[in-house]
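Raw structure-v8.tsv, TSV, C-alpha atoms:
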chain	number	residue	atom	x	y	z
A	137	MET	CA	-35.49	-16.57	-21.41
A	138	ILE	CA	-34.39	-16.22	-17.79
A	139	ILE	CA	-31.07	-17.93	-18.48
A	140	ASP	CA	-30.16	-15.06	-20.81
A	141	LYS	CA	-30.16	-12.63	-17.86
A	142	PHE	CA	-27.17	-14.49	-16.41
A	143	ASN	CA	-25.17	-14.06	-19.63
A	144	LEU	CA	-22.12	-11.78	-19.18
A	145	GLU	CA	-21.12	-11.77	-22.85
A	146	GLY	CA	-19.49	-8.42	-23.70
A	147	LYS	CA	-18.97	-7.48	-20.04
A	148	VAL	CA	-15.62	-6.57	-18.49
A	149	ALA	CA	-14.86	-7.47	-14.88
A	150	ILE	CA	-12.06	-6.30	-12.60
A	151	VAL	CA	-11.36	-8.81	-9.83
A	152	THR	CA	-8.80	-8.10	-7.11
A	153	GLY	CA	-6.96	-10.94	-5.40
A	154	SER	CA	-6.91	-12.85	-8.67
A	155	SER	CA	-4.03	-15.29	-8.27
A	156	THR	CA	-5.65	-18.05	-6.19
A	157	GLY	CA	-8.56	-19.01	-3.97
A	158	LEU	CA	-11.91	-17.24	-4.04
A	159	GLY	CA	-10.72	-14.65	-6.54
A	160	GLN	CA	-9.72	-17.32	-9.01
A	161	GLY	CA	-12.96	-19.23	-8.44
A	162	MET	CA	-15.10	-16.16	-9.11
A	163	ILE	CA	-13.04	-15.22	-12.16
A	164	ILE	CA	-13.55	-18.64	-13.70
A	165	GLY	CA	-17.29	-18.36	-13.11
A	166	LEU	CA	-17.45	-14.90	-14.71
A	167	ALA	CA	-15.39	-16.06	-17.69
A	168	GLU	CA	-17.59	-19.11	-18.20
A	169	ALA	CA	-20.58	-16.73	-18.21
A	170	GLY	CA	-18.92	-14.72	-21.01
A	171	ALA	CA	-17.01	-11.89	-19.30
A	172	ASP	CA	-13.51	-10.70	-20.13
A	173	ILE	CA	-11.33	-10.29	-17.05
A	174	VAL	CA	-8.86	-7.91	-15.47
A	175	GLY	CA	-7.05	-9.76	-12.69
A	176	VAL	CA	-5.30	-7.67	-10.03
A	177	ASP	CA	-2.87	-9.09	-7.48
A	178	TYR	CA	0.51	-8.31	-5.95
A	179	ILE	CA	1.85	-11.57	-7.39
A	180	GLU	CA	1.44	-13.08	-10.83
A	181	SER	CA	-1.90	-14.68	-11.71
A	182	THR	CA	-0.43	-17.13	-14.22
A	183	GLU	CA	-2.69	-20.08	-13.42
A	184	THR	CA	-5.81	-17.90	-13.42
A	185	ARG	CA	-4.88	-16.35	-16.77
A	186	GLU	CA	-4.33	-19.79	-18.30
A	187	LYS	CA	-7.71	-21.02	-17.07
A	188	VAL	CA	-9.53	-17.94	-18.41
A	189	GLU	CA	-7.83	-18.10	-21.80
A	190	LYS	CA	-8.62	-21.82	-22.05
A	191	ILE	CA	-12.29	-20.89	-21.63
A	192	GLY	CA	-11.84	-18.53	-24.58
A	193	ARG	CA	-12.06	-15.18	-22.75
A	194	LYS	CA	-9.51	-12.38	-22.52
A	195	PHE	CA	-7.41	-11.82	-19.40
A	196	LEU	CA	-5.51	-8.63	-18.60
A	197	GLU	CA	-3.10	-9.13	-15.72
A	198	ILE	CA	-2.18	-6.15	-13.53
A	199	LYS	CA	0.30	-6.50	-10.69
A	200	ALA	CA	-0.46	-4.07	-7.89
A	201	ASN	CA	-0.23	-3.92	-4.11
A	202	LEU	CA	-3.57	-2.73	-2.75
A	203	LEU	CA	-2.26	-2.04	0.75
A	204	THR	CA	-2.48	1.54	-0.53
A	205	THR	CA	-4.97	3.23	-2.84
A	206	GLU	CA	-2.22	4.50	-5.16
A	207	PRO	CA	-2.68	1.82	-7.89
A	208	VAL	CA	-6.46	2.25	-8.22
A	209	LYS	CA	-6.56	5.02	-10.84
A	210	GLY	CA	-4.01	3.25	-13.04
A	211	ILE	CA	-5.87	-0.05	-12.89
A	212	ILE	CA	-9.06	1.54	-14.18
A	213	GLU	CA	-7.20	3.49	-16.86
A	214	LYS	CA	-5.45	0.32	-18.11
A	215	THR	CA	-8.77	-1.54	-18.14
A	216	VAL	CA	-10.54	1.12	-20.19
A	217	LYS	CA	-7.59	1.42	-22.56
A	218	GLU	CA	-7.57	-2.34	-23.15
A	219	TYR	CA	-11.31	-3.05	-23.28
A	220	GLY	CA	-12.96	0.34	-23.78
A	221	ARG	CA	-15.14	-0.01	-20.70
A	222	VAL	CA	-15.64	-1.73	-17.36
A	223	ASP	CA	-18.89	-3.21	-16.05
A	224	ILE	CA	-18.10	-5.18	-12.90
A	225	LEU	CA	-15.79	-4.76	-9.91
A	226	ILE	CA	-15.22	-7.51	-7.37
A	227	ASN	CA	-13.37	-6.23	-4.30
A	228	ASN	CA	-11.91	-9.56	-3.22
A	229	ALA	CA	-8.35	-8.71	-2.16
A	230	GLY	CA	-7.86	-8.92	1.59
A	231	ILE	CA	-5.57	-10.04	4.38
A	232	ILE	CA	-5.89	-11.31	7.94
A	233	ARG	CA	-3.61	-11.07	10.97
A	234	ARG	CA	-4.10	-13.32	14.02
A	235	GLU	CA	-3.07	-12.28	17.55
A	236	ASP	CA	-4.64	-11.84	20.98
A	237	ALA	CA	-6.38	-8.47	21.18
A	238	THR	CA	-4.19	-7.56	24.17
A	239	ASP	CA	-1.05	-7.98	22.04
A	240	PHE	CA	-2.32	-6.72	18.68
A	241	THR	CA	0.01	-4.22	17.00
A	242	GLU	CA	-0.86	-0.96	15.32
A	243	LYS	CA	0.76	-2.15	12.10
A	244	ASP	CA	-1.37	-5.29	12.00
A	245	TRP	CA	-4.42	-3.11	12.60
A	246	ASP	CA	-3.54	-0.59	9.88
A	247	ASP	CA	-2.48	-3.11	7.23
A	248	VAL	CA	-5.72	-5.07	7.47
A	249	ILE	CA	-7.98	-2.02	7.63
A	250	ASN	CA	-6.14	-0.40	4.72
A	251	ILE	CA	-6.61	-3.20	2.20
A	252	ASN	CA	-9.87	-4.69	3.47
A	253	ALA	CA	-11.82	-1.46	4.00
A	254	LYS	CA	-9.99	1.69	2.86
A	255	THR	CA	-8.88	0.43	-0.57
A	256	LEU	CA	-12.24	-1.28	-1.05
A	257	PHE	CA	-14.02	2.04	-0.53
A	258	PHE	CA	-11.78	4.13	-2.75
A	259	PHE	CA	-11.71	1.49	-5.51
A	260	SER	CA	-15.51	1.43	-5.38
A	261	GLN	CA	-15.60	5.23	-5.50
A	262	ALA	CA	-13.32	5.33	-8.54
A	263	ILE	CA	-15.22	2.60	-10.39
A	264	ALA	CA	-18.55	4.27	-9.63
A	265	LYS	CA	-17.27	7.46	-11.27
A	266	GLN	CA	-16.34	5.40	-14.34
A	267	PHE	CA	-19.76	3.73	-14.37
A	268	ILE	CA	-21.46	7.13	-14.16
A	269	LYS	CA	-19.27	8.42	-17.00
A	270	GLN	CA	-20.24	5.42	-19.14
A	271	LYS	CA	-23.96	6.02	-18.37
A	272	ALA	CA	-24.71	2.29	-18.39
A	273	GLY	CA	-24.70	1.40	-14.69
A	274	GLY	CA	-22.56	-1.35	-13.27
A	275	LYS	CA	-22.06	-3.97	-10.57
A	276	ILE	CA	-19.88	-3.76	-7.49
A	277	ILE	CA	-19.45	-6.95	-5.46
A	278	ASN	CA	-17.61	-6.77	-2.15
A	279	VAL	CA	-16.26	-9.78	-0.31
A	280	ALA	CA	-17.40	-9.73	3.30
A	281	SER	CA	-17.08	-12.58	5.81
A	282	MET	CA	-18.77	-14.52	8.59
A	283	LEU	CA	-17.04	-11.94	10.77
A	284	SER	CA	-19.26	-9.28	9.22
A	285	PHE	CA	-21.90	-10.95	11.44
A	286	GLN	CA	-19.81	-12.31	14.33
A	287	GLY	CA	-16.91	-11.27	16.54
A	288	GLY	CA	-14.38	-13.98	15.89
A	289	ILE	CA	-11.33	-14.82	18.01
A	290	ARG	CA	-7.88	-13.21	17.79
A	291	VAL	CA	-8.72	-11.23	14.63
A	292	PRO	CA	-9.81	-7.76	15.82
A	293	SER	CA	-8.76	-5.79	12.74
A	294	TYR	CA	-10.21	-8.39	10.36
A	295	THR	CA	-13.53	-8.36	12.20
A	296	ALA	CA	-13.59	-4.56	12.16
A	297	SER	CA	-12.76	-4.45	8.47
A	298	LYS	CA	-15.34	-7.02	7.42
A	299	SER	CA	-18.04	-5.36	9.53
A	300	ALA	CA	-17.10	-2.19	7.62
A	301	VAL	CA	-17.51	-4.03	4.33
A	302	MET	CA	-21.12	-4.93	5.10
A	303	GLY	CA	-21.85	-1.38	6.25
A	304	LEU	CA	-20.21	0.21	3.22
A	305	THR	CA	-22.12	-2.14	0.93
A	306	ARG	CA	-25.37	-0.77	2.33
A	307	ALA	CA	-24.22	2.86	2.34
A	308	LEU	CA	-22.91	2.85	-1.23
A	309	ALA	CA	-25.99	1.03	-2.50
A	310	ASN	CA	-28.13	3.80	-1.03
A	311	GLU	CA	-26.19	6.52	-2.83
A	312	TRP	CA	-25.52	4.87	-6.18
A	313	ALA	CA	-28.72	2.96	-6.96
A	314	LYS	CA	-29.99	6.08	-8.76
A	315	TYR	CA	-27.13	5.62	-11.25
A	316	ASN	CA	-28.15	2.00	-11.94
A	317	ILE	CA	-25.19	0.78	-9.91
A	318	ASN	CA	-25.79	-2.30	-7.77
A	319	VAL	CA	-23.59	-2.76	-4.70
A	320	ASN	CA	-23.82	-6.10	-2.93
A	321	ALA	CA	-21.52	-8.40	-0.98
A	322	ILE	CA	-20.68	-12.07	-0.67
A	323	ALA	CA	-19.89	-13.34	2.82
A	324	PRO	CA	-17.98	-16.60	2.46
A	325	GLY	CA	-18.01	-19.01	5.37
A	326	TYR	CA	-15.00	-21.12	6.28
A	327	MET	CA	-13.30	-21.66	2.94
A	328	ALA	CA	-10.25	-23.74	2.03
A	329	THR	CA	-8.06	-20.78	1.05
A	330	ASN	CA	-4.71	-19.27	2.07
A	331	ASN	CA	-6.40	-17.21	4.79
A	332	THR	CA	-7.61	-20.34	6.61
A	333	LYS	CA	-4.47	-22.45	6.21
A	334	ALA	CA	-3.50	-22.08	9.89
A	335	LEU	CA	-7.00	-23.01	11.05
A	336	ARG	CA	-7.19	-26.06	8.82
A	337	GLU	CA	-3.81	-27.28	10.04
A	338	ASP	CA	-4.92	-26.98	13.69
A	339	LYS	CA	-6.73	-30.31	14.13
A	340	ASP	CA	-8.72	-29.30	17.21
A	341	ARG	CA	-9.78	-25.93	15.78
A	342	SER	CA	-10.59	-27.45	12.39
A	343	LYS	CA	-12.75	-30.13	13.99
A	344	ALA	CA	-14.60	-27.55	16.07
A	345	ILE	CA	-15.33	-25.54	12.93
A	346	LEU	CA	-16.47	-28.52	10.86
A	347	ASP	CA	-18.69	-29.76	13.70
A	348	ARG	CA	-20.50	-26.39	13.54
A	349	ILE	CA	-21.05	-26.39	9.75
A	350	PRO	CA	-24.22	-28.29	8.75
A	351	ALA	CA	-22.70	-29.09	5.35
A	352	GLY	CA	-19.82	-30.80	7.18
A	353	ARG	CA	-17.03	-29.47	4.96
A	354	TRP	CA	-14.88	-26.45	4.21
A	355	GLY	CA	-16.13	-24.35	1.33
A	356	LEU	CA	-14.35	-24.28	-2.01
A	357	PRO	CA	-13.70	-21.39	-4.42
A	358	GLU	CA	-16.25	-22.76	-6.87
A	359	ASP	CA	-18.92	-22.47	-4.15
A	360	VAL	CA	-18.93	-18.68	-4.54
A	361	ALA	CA	-18.69	-18.61	-8.36
A	362	GLY	CA	-22.41	-18.99	-9.05
A	363	LEU	CA	-23.34	-16.19	-6.67
A	364	ALA	CA	-20.69	-13.93	-8.19
A	365	VAL	CA	-22.15	-14.50	-11.65
A	366	PHE	CA	-25.67	-13.83	-10.36
A	367	LEU	CA	-24.71	-10.57	-8.63
A	368	ALA	CA	-22.73	-9.47	-11.71
A	369	SER	CA	-25.62	-10.15	-14.08
A	370	GLU	CA	-28.95	-8.58	-15.05
A	371	ALA	CA	-30.69	-11.27	-13.01
A	372	SER	CA	-29.80	-9.33	-9.83
A	373	ASN	CA	-30.82	-5.85	-11.04
A	374	TYR	CA	-33.26	-5.29	-8.15
A	375	ILE	CA	-30.92	-6.54	-5.42
A	376	ASN	CA	-28.98	-3.75	-3.77
A	377	GLY	CA	-27.13	-3.33	-0.48
A	378	TYR	CA	-27.40	-6.98	0.53
A	379	THR	CA	-24.74	-9.30	1.96
A	380	VAL	CA	-25.30	-12.93	1.00
A	381	ALA	CA	-23.71	-15.66	3.12
A	382	VAL	CA	-22.16	-18.69	1.41
A	383	ASP	CA	-21.39	-20.69	4.52
A	384	GLY	CA	-22.70	-24.25	4.36
A	385	GLY	CA	-25.33	-23.30	6.93
A	386	TRP	CA	-22.93	-21.84	9.56
A	387	LEU	CA	-25.12	-18.83	10.41
A	388	ALA	CA	-28.25	-20.97	10.50
A	389	ARG	CA	-26.83	-23.26	13.19

Conversion result in structure tokens:
Amino acid sequence: MIIDKFNLEGKVAIVTGSSTGLGQGMIIGLAEAGADIVGVDYIESTETREKVEKIGRKFLEIKANLLTTEPVKGIIEKTVKEYGRVDILINNAGIIRREDATDFTEKDWDDVININAKTLFFFSQAIAKQFIKQKAGGKIINVASMLSFQGGIRVPSYTASKSAVMGLTRALANEWAKYNINVNAIAPGYMATNNTKALREDKDRSKAILDRIPAGRWGLPEDVAGLAVFLASEASNYINGYTVAVDGGWLAR
């Protein structure tokens, strides 16, 4: 039965940026599909843990700041110690800094690139080594953006980092497909999350954005959950290196 290919029973998923927003939405979807979860964030993921445990799945919470790559090895070691294996990585953690390009600081550049691109790469590298060691393949899902396709305004480091995410997704898929590792990305459109709070509170900017979205609304965390389950499951075994937009039709406009 085709529905069985979406079943994640017995799978273990690491999801970064687990406390709120898209990370929480994807975690709930994975848990409902049967996966046990490792949630990684620099703050506590109490609400997410409660939701996962209510579903009846296990939740291992790891507090870590992914502005550096230092925590990566320990996260994987704790996951394997707790669950014996890992099958899925969702690189969701990310930040954004807004400023005119003429006034953008080196720190704002480095911070965004470090977590959005550098840590994403080295976390993927480390998890791929674990997948290869396990000899059972695995799924890596990166979180890209509309700004993987477009230039944006007043977000130069974010645009650069998310363009890198789409490129890395392709590059890593090319190298690791032979190990039965699928690397794909989700590119959310304008979502009602912490990252878009300033935009949503700017009435003129918010209206301009909504007028451009055929669906006529901001996206919600649950809008990416189904795609996350699909890309984490056997149903997507022949999809590799692709970035899928979840944008209410924004790119089609």

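Nearest to Gly303 (chain A) of all the residues A:Leu356, A:Ser181, A:Gly384, A:Ala321 is A:Ala321, based on all atoms listed in the file.
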
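One distance worth recording is that between CA of Val360 (chain A) and CA of Ala149 (chain A), which is 15.8 Å.
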
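From CA of Gln270 (chain A) back to CA of Ile138 (chain A), the distance works out to 25.9 Å.
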
Inset, instruction - In Å, rounded to a single decimal, give me how far CA of Ala264 (chain A) is from CA of Lys214 (chain A). - result: 16.1 Å

Inset, instruction - Go through A:Thr332, A:Asn228, A:Met302, A:Val151 one by one, measure the shortest atom-to-atom distance of each to Phe285 (chain A) using only C-alpha atoms, and give the residue with the smallest value. - result: A:Met302

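Each of A:Val216, A:Val208, A:Ala296, A:Met137 was checked against Ser260 (chain A) using only C-alpha atoms; the smallest atom-to-atom distance is that of A:Val208.
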
Inset, instruction - Counting only C-alpha atoms, figure out which residue out of A:Ala388, A:Val174, A:Ile277, A:Ile345 gets nearest to Phe366 (chain A). - result: A:Ile277

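With distances restricted to only C-alpha atoms, A:Asp383 is the closest residue to Ile349 (chain A) from A:Glu337, A:Asp246, A:Glu206, A:Asp383.
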
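Residue nearest Glu370 (chain A), chosen from A:Met282, A:Ile163, A:Leu144, A:Leu308 and counting all atoms listed in the file: A:Leu144.
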
Inset, instruction - Find the residues near Val248 (chain A): any atom within 8 Å, counting all atoms listed in the file, skip ones fewer than 4 places away on the same chain, and give them as a list of chain:residue names. - result: A:Gly230, A:Ile231, A:Ile232, A:Arg233, A:Asp244, A:Asn252, A:Ala253, A:Ser293, A:Tyr294, A:Ser297

Once you count all atoms listed in the file, which residues end up no further than 12 Å from (-6.6, -3.1, -4.8) in the file's frame, shown as a PDB file with C-alpha atoms, in the coordinates of the input?
ATOM      1  CA  ILE A 150     -12.060  -6.300 -12.600  1.00  0.00           C
ATOM      2  CA  VAL A 151     -11.360  -8.810  -9.830  1.00  0.00           C
ATOM      3  CA  THR A 152      -8.800  -8.100  -7.110  1.00  0.00           C
ATOM      4  CA  GLY A 153      -6.960 -10.940  -5.400  1.00  0.00           C
ATOM      5  CA  SER A 154      -6.910 -12.850  -8.670  1.00  0.00           C
ATOM      6  CA  VAL A 174      -8.860  -7.910 -15.470  1.00  0.00           C
ATOM      7  CA  GLY A 175      -7.050  -9.760 -12.690  1.00  0.00           C
ATOM      8  CA  VAL A 176      -5.300  -7.670 -10.030  1.00  0.00           C
ATOM      9  CA  ASP A 177      -2.870  -9.090  -7.480  1.00  0.00           C
ATOM     10  CA  TYR A 178       0.510  -8.310  -5.950  1.00  0.00           C
ATOM     11  CA  ILE A 198      -2.180  -6.150 -13.530  1.00  0.00           C
ATOM     12  CA  LYS A 199       0.300  -6.500 -10.690  1.00  0.00           C
ATOM     13  CA  ALA A 200      -0.460  -4.070  -7.890  1.00  0.00           C
ATOM     14  CA  ASN A 201      -0.230  -3.920  -4.110  1.00  0.00           C
ATOM     15  CA  LEU A 202      -3.570  -2.730  -2.750  1.00  0.00           C
ATOM     16  CA  LEU A 203      -2.260  -2.040   0.750  1.00  0.00           C
ATOM     17  CA  THR A 204      -2.480   1.540  -0.530  1.00  0.00           C
ATOM     18  CA  THR A 205      -4.970   3.230  -2.840  1.00  0.00           C
ATOM     19  CA  GLU A 206      -2.220   4.500  -5.160  1.00  0.00           C
ATOM     20  CA  PRO A 207      -2.680   1.820  -7.890  1.00  0.00           C
ATOM     21  CA  VAL A 208      -6.460   2.250  -8.220  1.00  0.00           C
ATOM     22  CA  LYS A 209      -6.560   5.020 -10.840  1.00  0.00           C
ATOM     23  CA  GLY A 210      -4.010   3.250 -13.040  1.00  0.00           C
ATOM     24  CA  ILE A 211      -5.870  -0.050 -12.890  1.00  0.00           C
ATOM     25  CA  ILE A 212      -9.060   1.540 -14.180  1.00  0.00           C
ATOM     26  CA  LEU A 225     -15.790  -4.760  -9.910  1.00  0.00           C
ATOM     27  CA  ILE A 226     -15.220  -7.510  -7.370  1.00  0.00           C
ATOM     28  CA  ASN A 227     -13.370  -6.230  -4.300  1.00  0.00           C
ATOM     29  CA  ASN A 228     -11.910  -9.560  -3.220  1.00  0.00           C
ATOM     30  CA  ALA A 229      -8.350  -8.710  -2.160  1.00  0.00           C
ATOM     31  CA  GLY A 230      -7.860  -8.920   1.590  1.00  0.00           C
ATOM     32  CA  ILE A 231      -5.570 -10.040   4.380  1.00  0.00           C
ATOM     33  CA  ASN A 250      -6.140  -0.400   4.720  1.00  0.00           C
ATOM     34  CA  ILE A 251      -6.610  -3.200   2.200  1.00  0.00           C
ATOM     35  CA  ASN A 252      -9.870  -4.690   3.470  1.00  0.00           C
ATOM     36  CA  ALA A 253     -11.820  -1.460   4.000  1.00  0.00           C
ATOM     37  CA  LYS A 254      -9.990   1.690   2.860  1.00  0.00           C
ATOM     38  CA  THR A 255      -8.880   0.430  -0.570  1.00  0.00           C
ATOM     39  CA  LEU A 256     -12.240  -1.280  -1.050  1.00  0.00           C
ATOM     40  CA  PHE A 257     -14.020   2.040  -0.530  1.00  0.00           C
ATOM     41  CA  PHE A 258     -11.780   4.130  -2.750  1.00  0.00           C
ATOM     42  CA  PHE A 259     -11.710   1.490  -5.510  1.00  0.00           C
ATOM     43  CA  SER A 260     -15.510   1.430  -5.380  1.00  0.00           C
ATOM     44  CA  ALA A 262     -13.320   5.330  -8.540  1.00  0.00           C
ATOM     45  CA  ILE A 263     -15.220   2.600 -10.390  1.00  0.00           C
ATOM     46  CA  ASN A 278     -17.610  -6.770  -2.150  1.00  0.00           C
TER      47      ASN A 278
END

Legend entry - Point (-14.0, -16.7, 17.2) neighbourhood (12 Å, all atoms listed in the file) written as a VMD selection string: chain A and resid 234 to 237 282 to 283 285 to 292 294 to 295 326 335 341 344 to 345

Contacts of Ala364 (chain A) at 8 Å or less, counting only C-alpha atoms, minus same-chain residues fewer than 3 places along, as a PDB file with C-alpha atoms, keeping the file's coordinate frame?
ATOM      1  CA  MET A 162     -15.100 -16.160  -9.110  1.00  0.00           C
ATOM      2  CA  GLY A 165     -17.290 -18.360 -13.110  1.00  0.00           C
ATOM      3  CA  LEU A 166     -17.450 -14.900 -14.710  1.00  0.00           C
ATOM      4  CA  ILE A 277     -19.450  -6.950  -5.460  1.00  0.00           C
ATOM      5  CA  ILE A 322     -20.680 -12.070  -0.670  1.00  0.00           C
ATOM      6  CA  VAL A 360     -18.930 -18.680  -4.540  1.00  0.00           C
ATOM      7  CA  ALA A 361     -18.690 -18.610  -8.360  1.00  0.00           C
ATOM      8  CA  LEU A 367     -24.710 -10.570  -8.630  1.00  0.00           C
ATOM      9  CA  ALA A 368     -22.730  -9.470 -11.710  1.00  0.00           C
TER      10      ALA A 368
END
